[in-house]
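The structure under discussion appears below in the form of structure tokens.
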Amino acid sequence: MTHTFCAELSQQQHDPLAGSAAHAEHNLLISWPRAKWQRNLRHASDMADSLKTQLDEIAATGRRVNLIHRRAQDATCHQVFLMPERRRFDVARDELSHFLDRWRQAHSLARWEQAPPEADLILCCTHGKKDKCCAKYGYRTYKALAAAVLEHALPFDVWESSHLGGCRLATSLVVLPRVRKYGRLRPEQVLPFLRAEASGRRFLPGYRGDSRLTPAQQCAEVALLERLEFEAPFSQLMLTNDQGDEQQRTLRWQCEQGGHTTTFEVQCQSMALLRVDTCADLDQGPTESLVWQATRIEAMKT
């Protein structure tokens, strides 16, 4: 295979972004120097084995655990975030295990707790040990994000992050606590992306869908948002019906803006795509995956 980056191959195959937004609602984020990250998204080379076990146990309960990084952060004093609770803590390295035990036992965390973060967090995957596309594309987008937020005084707190899923869609990022996932975000798209999110809108060129929805529902959601982008950009969508099978689904949505409600029907069809999900799979070659495409959008008469 002549391609050396899974993200390049994915884009050339027209692998859709929509439908790839799966992500846990509940997240534990721990700052840790990126140079120490291992391939596992929540492990570092200078972590005690007992701490790795704790983090694995937390992840097994359904809360996603990611390591985050930025240069200004003290390497031995960790910022810890709980999302969507919007809680933030400063925890010394030698107290981290004790802190996690107390949190899991629902004991007071007052000695570590800081003011809750006012800004949404933007996590940008730069996990090069997991996938080289995340290093190649992720870091330059992270730098552009951090610079734009500072220059334009935008309401976001930007961090590098370990693996967020979808290496082939690098640059991959997520906005918390709203859990909006994006892919293929280029440095030149950073400012319009930030301005869209700051105004409460999704940046549709990179939007992957609502993480609470199924892949087919995400596909329909993104297609409908694209249809409404100019005539009703602040629409609130509610899924009211979803029928069909693994080949085709018909979904109904209520779209509300300015006190006016319109019902839309979106038809989505699945197709098999041969793709490479990560750079580690390049030698093995592509495998078959199911993706969804919207084939019809119709406003229903009332």
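Following the order of the structure tokens, chains are lettered A, B, ..., residues in each are numbered from 1, and ligands are numbered from 1.
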- Can you check which residues of region 32-264 of chain A DSSP gives as helix (DSSP H, G or I) on the backbone and send them as an NGL selection string? :A and (34-36 or 49-60 or 93-104 or 132-136 or 138-152 or 167-169 or 187-198 or 215-228)
Determine, for each residue of region 102-221 of chain A having at least one atom at most 9 Å from an atom of region 250-271 of chain A, the closest pair of atoms and their separation in Å to one decimal, counting only C-alpha atoms; order by chain and ascending number, as a Markdown table.
| residue | atom | partner | partner_atom | distance |
| --- | --- | --- | --- | --- |
| A:Ala216 | CA | A:Cys268 | CA | 6.7 |
| A:Gln217 | CA | A:Leu251 | CA | 7.4 |
| A:Cys219 | CA | A:Cys268 | CA | 7.3 |
| A:Ala220 | CA | A:Val266 | CA | 6.0 |
| A:Glu221 | CA | A:Trp253 | CA | 8.5 |
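Of the residues listed (A:His23, A:Arg64, A:Arg104, A:Arg87), A:His23 shows the shortest atom-to-atom separation from Val175 (chain A); distances use only C-alpha atoms.
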- Message: Just to confirm, what's the straight-line distance from CA of Arg202 (chain A) to CA of Leu17 (chain A) in Å (one decimal)?
- Response: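 Interatomic distance, CA of Arg202 (chain A) to CA of Leu17 (chain A): 13.6 Å.
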- So which residues of region 153-283 of chain A fall under strand (DSSP E or B) by DSSP, listed as a PyMOL selection string? chain A and resi 156-161+173-176+180-182+207-210+236-244+248-257+260-275
Would you put the residues from that selection into a file with N, CA and C atoms, as a compact mmCIF listing (two decimals), in the first residue's frame?
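The new file result_32.txt reads:
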# COMPACT_ATOMS: atom_id res chain seq x y z
N PHE A 156 -12.96 29.63 25.51
CA PHE A 156 -12.61 28.21 25.48
C PHE A 156 -11.30 27.98 26.22
N ASP A 157 -11.17 26.78 26.76
CA ASP A 157 -9.95 26.32 27.42
C ASP A 157 -9.43 25.15 26.59
N VAL A 158 -8.31 25.33 25.91
CA VAL A 158 -7.83 24.37 24.91
C VAL A 158 -6.71 23.51 25.49
N TRP A 159 -6.82 22.20 25.29
CA TRP A 159 -5.82 21.25 25.77
C TRP A 159 -5.49 20.25 24.67
N GLU A 160 -4.24 19.80 24.66
CA GLU A 160 -3.90 18.58 23.91
C GLU A 160 -4.52 17.40 24.66
N SER A 161 -4.85 16.35 23.90
CA SER A 161 -5.51 15.20 24.53
C SER A 161 -4.96 13.89 23.97
N LEU A 173 -11.23 16.18 17.49
CA LEU A 173 -11.38 16.95 18.73
C LEU A 173 -12.80 16.85 19.25
N VAL A 174 -12.96 17.24 20.52
CA VAL A 174 -14.26 17.22 21.17
C VAL A 174 -14.41 18.45 22.04
N VAL A 175 -15.62 19.00 22.07
CA VAL A 175 -15.96 20.14 22.92
C VAL A 175 -16.76 19.61 24.10
N LEU A 176 -16.28 19.89 25.31
CA LEU A 176 -16.94 19.44 26.53
C LEU A 176 -17.40 20.64 27.34
N ARG A 180 -19.51 17.62 21.67
CA ARG A 180 -19.61 17.79 20.22
C ARG A 180 -18.28 17.36 19.61
N LYS A 181 -18.33 16.36 18.74
CA LYS A 181 -17.10 15.83 18.15
C LYS A 181 -16.91 16.36 16.73
N TYR A 182 -15.65 16.61 16.42
CA TYR A 182 -15.28 17.13 15.11
C TYR A 182 -14.12 16.33 14.54
N TYR A 207 -18.27 18.71 11.62
CA TYR A 207 -19.13 18.13 12.65
C TYR A 207 -19.42 16.66 12.36
N ARG A 208 -19.27 15.82 13.38
CA ARG A 208 -19.43 14.37 13.21
C ARG A 208 -20.78 13.85 13.71
N GLY A 209 -21.55 14.69 14.42
CA GLY A 209 -22.86 14.26 14.89
C GLY A 209 -22.97 14.30 16.40
N ASP A 210 -24.20 14.15 16.89
CA ASP A 210 -24.49 14.14 18.32
C ASP A 210 -24.11 12.77 18.89
N GLN A 236 -33.32 24.09 16.61
CA GLN A 236 -33.24 23.03 17.60
C GLN A 236 -33.93 21.80 17.02
N LEU A 237 -33.21 20.70 16.94
CA LEU A 237 -33.75 19.49 16.34
C LEU A 237 -34.12 18.47 17.41
N MET A 238 -35.25 17.79 17.20
CA MET A 238 -35.66 16.71 18.09
C MET A 238 -36.09 15.52 17.25
N LEU A 239 -35.46 14.38 17.48
CA LEU A 239 -35.81 13.15 16.78
C LEU A 239 -37.12 12.61 17.34
N THR A 240 -38.11 12.38 16.47
CA THR A 240 -39.41 11.91 16.93
C THR A 240 -39.74 10.49 16.46
N ASN A 241 -39.04 10.01 15.42
CA ASN A 241 -39.34 8.67 14.93
C ASN A 241 -38.14 8.14 14.15
N ASP A 242 -37.88 6.84 14.30
CA ASP A 242 -36.76 6.20 13.61
C ASP A 242 -37.19 4.78 13.28
N GLN A 243 -37.36 4.50 11.98
CA GLN A 243 -37.81 3.18 11.55
C GLN A 243 -36.92 2.66 10.43
N GLY A 244 -36.78 1.34 10.37
CA GLY A 244 -36.02 0.74 9.29
C GLY A 244 -35.15 -0.40 9.76
N GLN A 248 -31.50 0.52 5.46
CA GLN A 248 -32.17 1.80 5.20
C GLN A 248 -33.02 2.20 6.41
N ARG A 249 -32.99 3.48 6.73
CA ARG A 249 -33.79 3.97 7.84
C ARG A 249 -34.46 5.28 7.44
N THR A 250 -35.67 5.48 7.98
CA THR A 250 -36.42 6.71 7.76
C THR A 250 -36.62 7.37 9.11
N LEU A 251 -36.17 8.61 9.23
CA LEU A 251 -36.16 9.31 10.51
C LEU A 251 -36.95 10.60 10.40
N ARG A 252 -37.76 10.88 11.41
CA ARG A 252 -38.51 12.13 11.45
C ARG A 252 -37.96 13.04 12.55
N TRP A 253 -37.87 14.30 12.21
CA TRP A 253 -37.32 15.30 13.12
C TRP A 253 -38.25 16.49 13.21
N GLN A 254 -38.37 17.05 14.39
CA GLN A 254 -39.01 18.35 14.56
C GLN A 254 -37.94 19.41 14.63
N CYS A 255 -38.09 20.44 13.83
CA CYS A 255 -37.14 21.55 13.77
C CYS A 255 -37.85 22.80 14.28
N GLU A 256 -37.30 23.37 15.36
CA GLU A 256 -37.92 24.56 15.95
C GLU A 256 -36.95 25.73 15.92
N GLN A 257 -37.44 26.87 15.42
CA GLN A 257 -36.67 28.11 15.47
C GLN A 257 -37.65 29.28 15.48
N HIS A 260 -41.45 28.68 15.57
CA HIS A 260 -42.05 27.97 14.43
C HIS A 260 -41.47 26.56 14.36
N THR A 261 -42.35 25.58 14.18
CA THR A 261 -41.92 24.18 14.14
C THR A 261 -42.23 23.56 12.78
N THR A 262 -41.23 22.90 12.21
CA THR A 262 -41.38 22.19 10.94
C THR A 262 -40.95 20.74 11.14
N THR A 263 -41.67 19.81 10.54
CA THR A 263 -41.31 18.40 10.60
C THR A 263 -40.62 18.00 9.30
N PHE A 264 -39.50 17.31 9.45
CA PHE A 264 -38.75 16.82 8.29
C PHE A 264 -38.62 15.31 8.37
N GLU A 265 -38.60 14.69 7.19
CA GLU A 265 -38.32 13.27 7.10
C GLU A 265 -37.00 13.10 6.34
N VAL A 266 -36.10 12.32 6.93
CA VAL A 266 -34.79 12.08 6.33
C VAL A 266 -34.63 10.59 6.12
N GLN A 267 -34.25 10.22 4.91
CA GLN A 267 -33.99 8.81 4.61
C GLN A 267 -32.48 8.61 4.50
N CYS A 268 -31.97 7.59 5.18
CA CYS A 268 -30.55 7.27 5.16
C CYS A 268 -30.35 5.84 4.70
N GLN A 269 -29.29 5.63 3.94
CA GLN A 269 -28.98 4.30 3.41
C GLN A 269 -27.55 3.94 3.80
N SER A 270 -27.36 2.68 4.15
CA SER A 270 -26.02 2.23 4.53
C SER A 270 -25.26 1.72 3.31
N MET A 271 -23.95 1.76 3.43
CA MET A 271 -23.10 1.21 2.38
C MET A 271 -21.83 0.67 3.02
N ALA A 272 -21.24 -0.32 2.40
CA ALA A 272 -20.00 -0.90 2.90
C ALA A 272 -18.82 -0.12 2.33
N LEU A 273 -17.89 0.21 3.20
CA LEU A 273 -16.69 0.94 2.79
C LEU A 273 -15.46 0.18 3.26
N LEU A 274 -14.55 -0.09 2.36
CA LEU A 274 -13.28 -0.71 2.73
C LEU A 274 -12.33 0.39 3.18
N ARG A 275 -11.93 0.36 4.44
CA ARG A 275 -11.10 1.45 4.96
C ARG A 275 -10.08 0.93 5.96
- Item | Contacts of Gly138 (chain A) within 9 Å, only C-alpha atoms, excl. fewer than 5 positions in-chain, as an MDAnalysis selection string | chainID A and resid 124:128 133 143 160 170:173 185:186
Please produce a file of the residues just selected, as a PDB file, in the first residue's frame, where the atoms kept are N, CA and C atoms.
ATOM      1  N   CYS A 124      -7.997  18.478  21.834  1.00  0.00           N
ATOM      2  CA  CYS A 124      -7.490  18.219  20.489  1.00  0.00           C
ATOM      3  C   CYS A 124      -6.510  17.055  20.562  1.00  0.00           C
ATOM      4  N   CYS A 125      -6.803  15.982  19.855  1.00  0.00           N
ATOM      5  CA  CYS A 125      -5.966  14.783  19.948  1.00  0.00           C
ATOM      6  C   CYS A 125      -4.611  15.005  19.284  1.00  0.00           C
ATOM      7  N   THR A 126      -3.552  14.818  20.084  1.00  0.00           N
ATOM      8  CA  THR A 126      -2.175  14.897  19.585  1.00  0.00           C
ATOM      9  C   THR A 126      -1.407  13.627  19.967  1.00  0.00           C
ATOM     10  N   HIS A 127      -2.117  12.520  20.089  1.00  0.00           N
ATOM     11  CA  HIS A 127      -1.565  11.289  20.663  1.00  0.00           C
ATOM     12  C   HIS A 127      -0.745  10.525  19.619  1.00  0.00           C
ATOM     13  N   GLY A 128       0.464  10.999  19.357  1.00  0.00           N
ATOM     14  CA  GLY A 128       1.301  10.397  18.334  1.00  0.00           C
ATOM     15  C   GLY A 128       1.710   8.970  18.620  1.00  0.00           C
ATOM     16  N   CYS A 133      -1.010   9.988  12.555  1.00  0.00           N
ATOM     17  CA  CYS A 133      -1.829  11.069  12.004  1.00  0.00           C
ATOM     18  C   CYS A 133      -2.182  12.096  13.082  1.00  0.00           C
ATOM     19  N   LYS A 143      -2.086  24.050  18.057  1.00  0.00           N
ATOM     20  CA  LYS A 143      -1.391  25.338  18.162  1.00  0.00           C
ATOM     21  C   LYS A 143      -2.240  26.466  17.586  1.00  0.00           C
ATOM     22  N   GLU A 160      -4.239  19.795  24.656  1.00  0.00           N
ATOM     23  CA  GLU A 160      -3.903  18.584  23.913  1.00  0.00           C
ATOM     24  C   GLU A 160      -4.520  17.399  24.656  1.00  0.00           C
ATOM     25  N   ALA A 170      -8.289  12.501  11.665  1.00  0.00           N
ATOM     26  CA  ALA A 170      -7.447  13.554  12.243  1.00  0.00           C
ATOM     27  C   ALA A 170      -7.478  14.809  11.347  1.00  0.00           C
ATOM     28  N   THR A 171      -7.526  15.975  11.990  1.00  0.00           N
ATOM     29  CA  THR A 171      -7.466  16.218  13.421  1.00  0.00           C
ATOM     30  C   THR A 171      -8.820  15.922  14.075  1.00  0.00           C
ATOM     31  N   SER A 172      -8.782  15.175  15.180  1.00  0.00           N
ATOM     32  CA  SER A 172      -9.986  14.819  15.920  1.00  0.00           C
ATOM     33  C   SER A 172     -10.048  15.641  17.194  1.00  0.00           C
ATOM     34  N   LEU A 173     -11.234  16.183  17.490  1.00  0.00           N
ATOM     35  CA  LEU A 173     -11.377  16.948  18.733  1.00  0.00           C
ATOM     36  C   LEU A 173     -12.803  16.852  19.253  1.00  0.00           C
ATOM     37  N   LEU A 185     -10.291  18.836  11.114  1.00  0.00           N
ATOM     38  CA  LEU A 185     -10.233  20.287  11.291  1.00  0.00           C
ATOM     39  C   LEU A 185      -8.824  20.777  10.966  1.00  0.00           C
ATOM     40  N   ARG A 186      -8.726  21.641   9.972  1.00  0.00           N
ATOM     41  CA  ARG A 186      -7.443  22.178   9.541  1.00  0.00           C
ATOM     42  C   ARG A 186      -7.166  23.515  10.233  1.00  0.00           C
TER      43      ARG A 186
END
- Message: Ranking A:Arg42, A:Cys167, A:Lys130, A:Thr287 by minimum distance to Glu57 (chain A) and counting only C-alpha atoms, which one comes first?
- Response: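 Nearest candidate to Glu57 (chain A) out of A:Arg42, A:Cys167, A:Lys130, A:Thr287: A:Arg42.
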Give me the residues near Gln38 (chain A) as a PDB file with N, CA and C atoms, in the first residue's frame, where near means some atom within 12 Å (using only C-alpha atoms) and where sequence neighbours in that chain fewer than 2 positions away do not count.
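selection-v2.pdb was written with the following content:
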ATOM      1  N   TRP A  32      -1.229  15.460  32.253  1.00  0.00           N
ATOM      2  CA  TRP A  32      -0.023  14.639  32.395  1.00  0.00           C
ATOM      3  C   TRP A  32       0.878  14.954  31.206  1.00  0.00           C
ATOM      4  N   PRO A  33       2.179  15.140  31.418  1.00  0.00           N
ATOM      5  CA  PRO A  33       3.056  15.530  30.307  1.00  0.00           C
ATOM      6  C   PRO A  33       2.955  14.571  29.120  1.00  0.00           C
ATOM      7  N   ARG A  34       2.722  15.131  27.948  1.00  0.00           N
ATOM      8  CA  ARG A  34       2.520  14.303  26.749  1.00  0.00           C
ATOM      9  C   ARG A  34       3.711  13.394  26.457  1.00  0.00           C
ATOM     10  N   ALA A  35       4.904  13.849  26.757  1.00  0.00           N
ATOM     11  CA  ALA A  35       6.098  13.040  26.476  1.00  0.00           C
ATOM     12  C   ALA A  35       6.068  11.696  27.197  1.00  0.00           C
ATOM     13  N   LYS A  36       5.275  11.596  28.265  1.00  0.00           N
ATOM     14  CA  LYS A  36       5.202  10.362  29.053  1.00  0.00           C
ATOM     15  C   LYS A  36       4.014   9.479  28.670  1.00  0.00           C
ATOM     16  N   ASN A  40      -1.789   3.370  25.389  1.00  0.00           N
ATOM     17  CA  ASN A  40      -3.086   3.388  26.062  1.00  0.00           C
ATOM     18  C   ASN A  40      -3.465   4.830  26.384  1.00  0.00           C
ATOM     19  N   LEU A  41      -4.695   5.235  26.095  1.00  0.00           N
ATOM     20  CA  LEU A  41      -5.103   6.628  26.225  1.00  0.00           C
ATOM     21  C   LEU A  41      -5.067   7.163  27.656  1.00  0.00           C
ATOM     22  N   ARG A  42      -4.997   6.285  28.671  1.00  0.00           N
ATOM     23  CA  ARG A  42      -5.028   6.766  30.059  1.00  0.00           C
ATOM     24  C   ARG A  42      -3.782   6.363  30.846  1.00  0.00           C
ATOM     25  N   HIS A  43      -2.750   5.874  30.168  1.00  0.00           N
ATOM     26  CA  HIS A  43      -1.530   5.423  30.847  1.00  0.00           C
ATOM     27  C   HIS A  43      -0.339   6.287  30.450  1.00  0.00           C
ATOM     28  N   ALA A  44       0.580   6.479  31.415  1.00  0.00           N
ATOM     29  CA  ALA A  44       1.836   7.187  31.169  1.00  0.00           C
ATOM     30  C   ALA A  44       2.985   6.344  31.702  1.00  0.00           C
ATOM     31  N   SER A  45       4.167   6.532  31.110  1.00  0.00           N
ATOM     32  CA  SER A  45       5.304   5.686  31.467  1.00  0.00           C
ATOM     33  C   SER A  45       5.770   5.903  32.898  1.00  0.00           C
ATOM     34  N   ASP A  46       5.526   7.095  33.457  1.00  0.00           N
ATOM     35  CA  ASP A  46       5.952   7.364  34.836  1.00  0.00           C
ATOM     36  C   ASP A  46       4.804   7.262  35.829  1.00  0.00           C
ATOM     37  N   MET A  47       3.731   6.589  35.450  1.00  0.00           N
ATOM     38  CA  MET A  47       2.609   6.317  36.352  1.00  0.00           C
ATOM     39  C   MET A  47       2.889   5.048  37.146  1.00  0.00           C
ATOM     40  N   LYS A  52      -2.456   3.179  37.312  1.00  0.00           N
ATOM     41  CA  LYS A  52      -2.988   2.673  36.044  1.00  0.00           C
ATOM     42  C   LYS A  52      -4.189   1.762  36.288  1.00  0.00           C
ATOM     43  N   ASN A  66      -9.196  10.357  29.988  1.00  0.00           N
ATOM     44  CA  ASN A  66      -8.196  10.842  29.039  1.00  0.00           C
ATOM     45  C   ASN A  66      -7.102  11.606  29.757  1.00  0.00           C
ATOM     46  N   LEU A  67      -5.897  11.538  29.220  1.00  0.00           N
ATOM     47  CA  LEU A  67      -4.812  12.403  29.657  1.00  0.00           C
ATOM     48  C   LEU A  67      -4.806  13.649  28.784  1.00  0.00           C
ATOM     49  N   HIS A 127      -2.117  12.520  20.089  1.00  0.00           N
ATOM     50  CA  HIS A 127      -1.565  11.289  20.663  1.00  0.00           C
ATOM     51  C   HIS A 127      -0.745  10.525  19.619  1.00  0.00           C
ATOM     52  N   GLY A 128       0.464  10.999  19.357  1.00  0.00           N
ATOM     53  CA  GLY A 128       1.301  10.397  18.334  1.00  0.00           C
ATOM     54  C   GLY A 128       1.710   8.970  18.620  1.00  0.00           C
ATOM     55  N   LYS A 129       1.792   8.582  19.887  1.00  0.00           N
ATOM     56  CA  LYS A 129       2.143   7.191  20.211  1.00  0.00           C
ATOM     57  C   LYS A 129       1.007   6.233  19.858  1.00  0.00           C
ATOM     58  N   LYS A 130      -0.209   6.753  19.774  1.00  0.00           N
ATOM     59  CA  LYS A 130      -1.356   5.944  19.360  1.00  0.00           C
ATOM     60  C   LYS A 130      -1.454   5.878  17.837  1.00  0.00           C
ATOM     61  N   ASP A 131      -1.303   7.033  17.175  1.00  0.00           N
ATOM     62  CA  ASP A 131      -1.410   7.076  15.724  1.00  0.00           C
ATOM     63  C   ASP A 131      -0.622   8.269  15.197  1.00  0.00           C
ATOM     64  N   SER A 162      -5.018  12.863  24.810  1.00  0.00           N
ATOM     65  CA  SER A 162      -4.769  11.512  24.321  1.00  0.00           C
ATOM     66  C   SER A 162      -5.951  11.070  23.455  1.00  0.00           C
ATOM     67  N   HIS A 163      -5.888   9.867  22.955  1.00  0.00           N
ATOM     68  CA  HIS A 163      -6.786   9.324  21.923  1.00  0.00           C
ATOM     69  C   HIS A 163      -8.261   9.650  22.167  1.00  0.00           C
TER      70      HIS A 163
END
- Message: Applying 8 Å and only C-alpha atoms, which residues near Leu145 (chain A) remain after dropping the ones on its own chain fewer than 4 positions away? List them as a ChimeraX atom specification.
- Response: /A:141,149,158,187,190-191
- Item | Residue with smallest distance to Gln54 (chain A) - pool A:Phe99, A:Asp90, A:Ser20, A:Ala72, counting only C-alpha atoms |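 Looking at the shortest contact to Gln54 (chain A), the residue is A:Phe99.
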- Message: Using only C-alpha atoms for the distances, tell me which of A:Glu151, A:Glu85, A:Asp281, A:Glu8 is nearest to Pro116 (chain A).
- Response: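 That would be A:Glu85, the residue with the smallest distance to Pro116 (chain A).
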- Nearest candidate to Ser97 (chain A) (options A:Ala115, A:Leu51, A:Ala223, A:Ala60; using only C-alpha atoms): A:Leu51
- Selection: 9 Å around Phe203 (chain A), only C-alpha atoms, excl. self and same-chain fewer than 2 positions, as a VMD selection string: chain A and resid 182 192 to 197 201 205 to 207
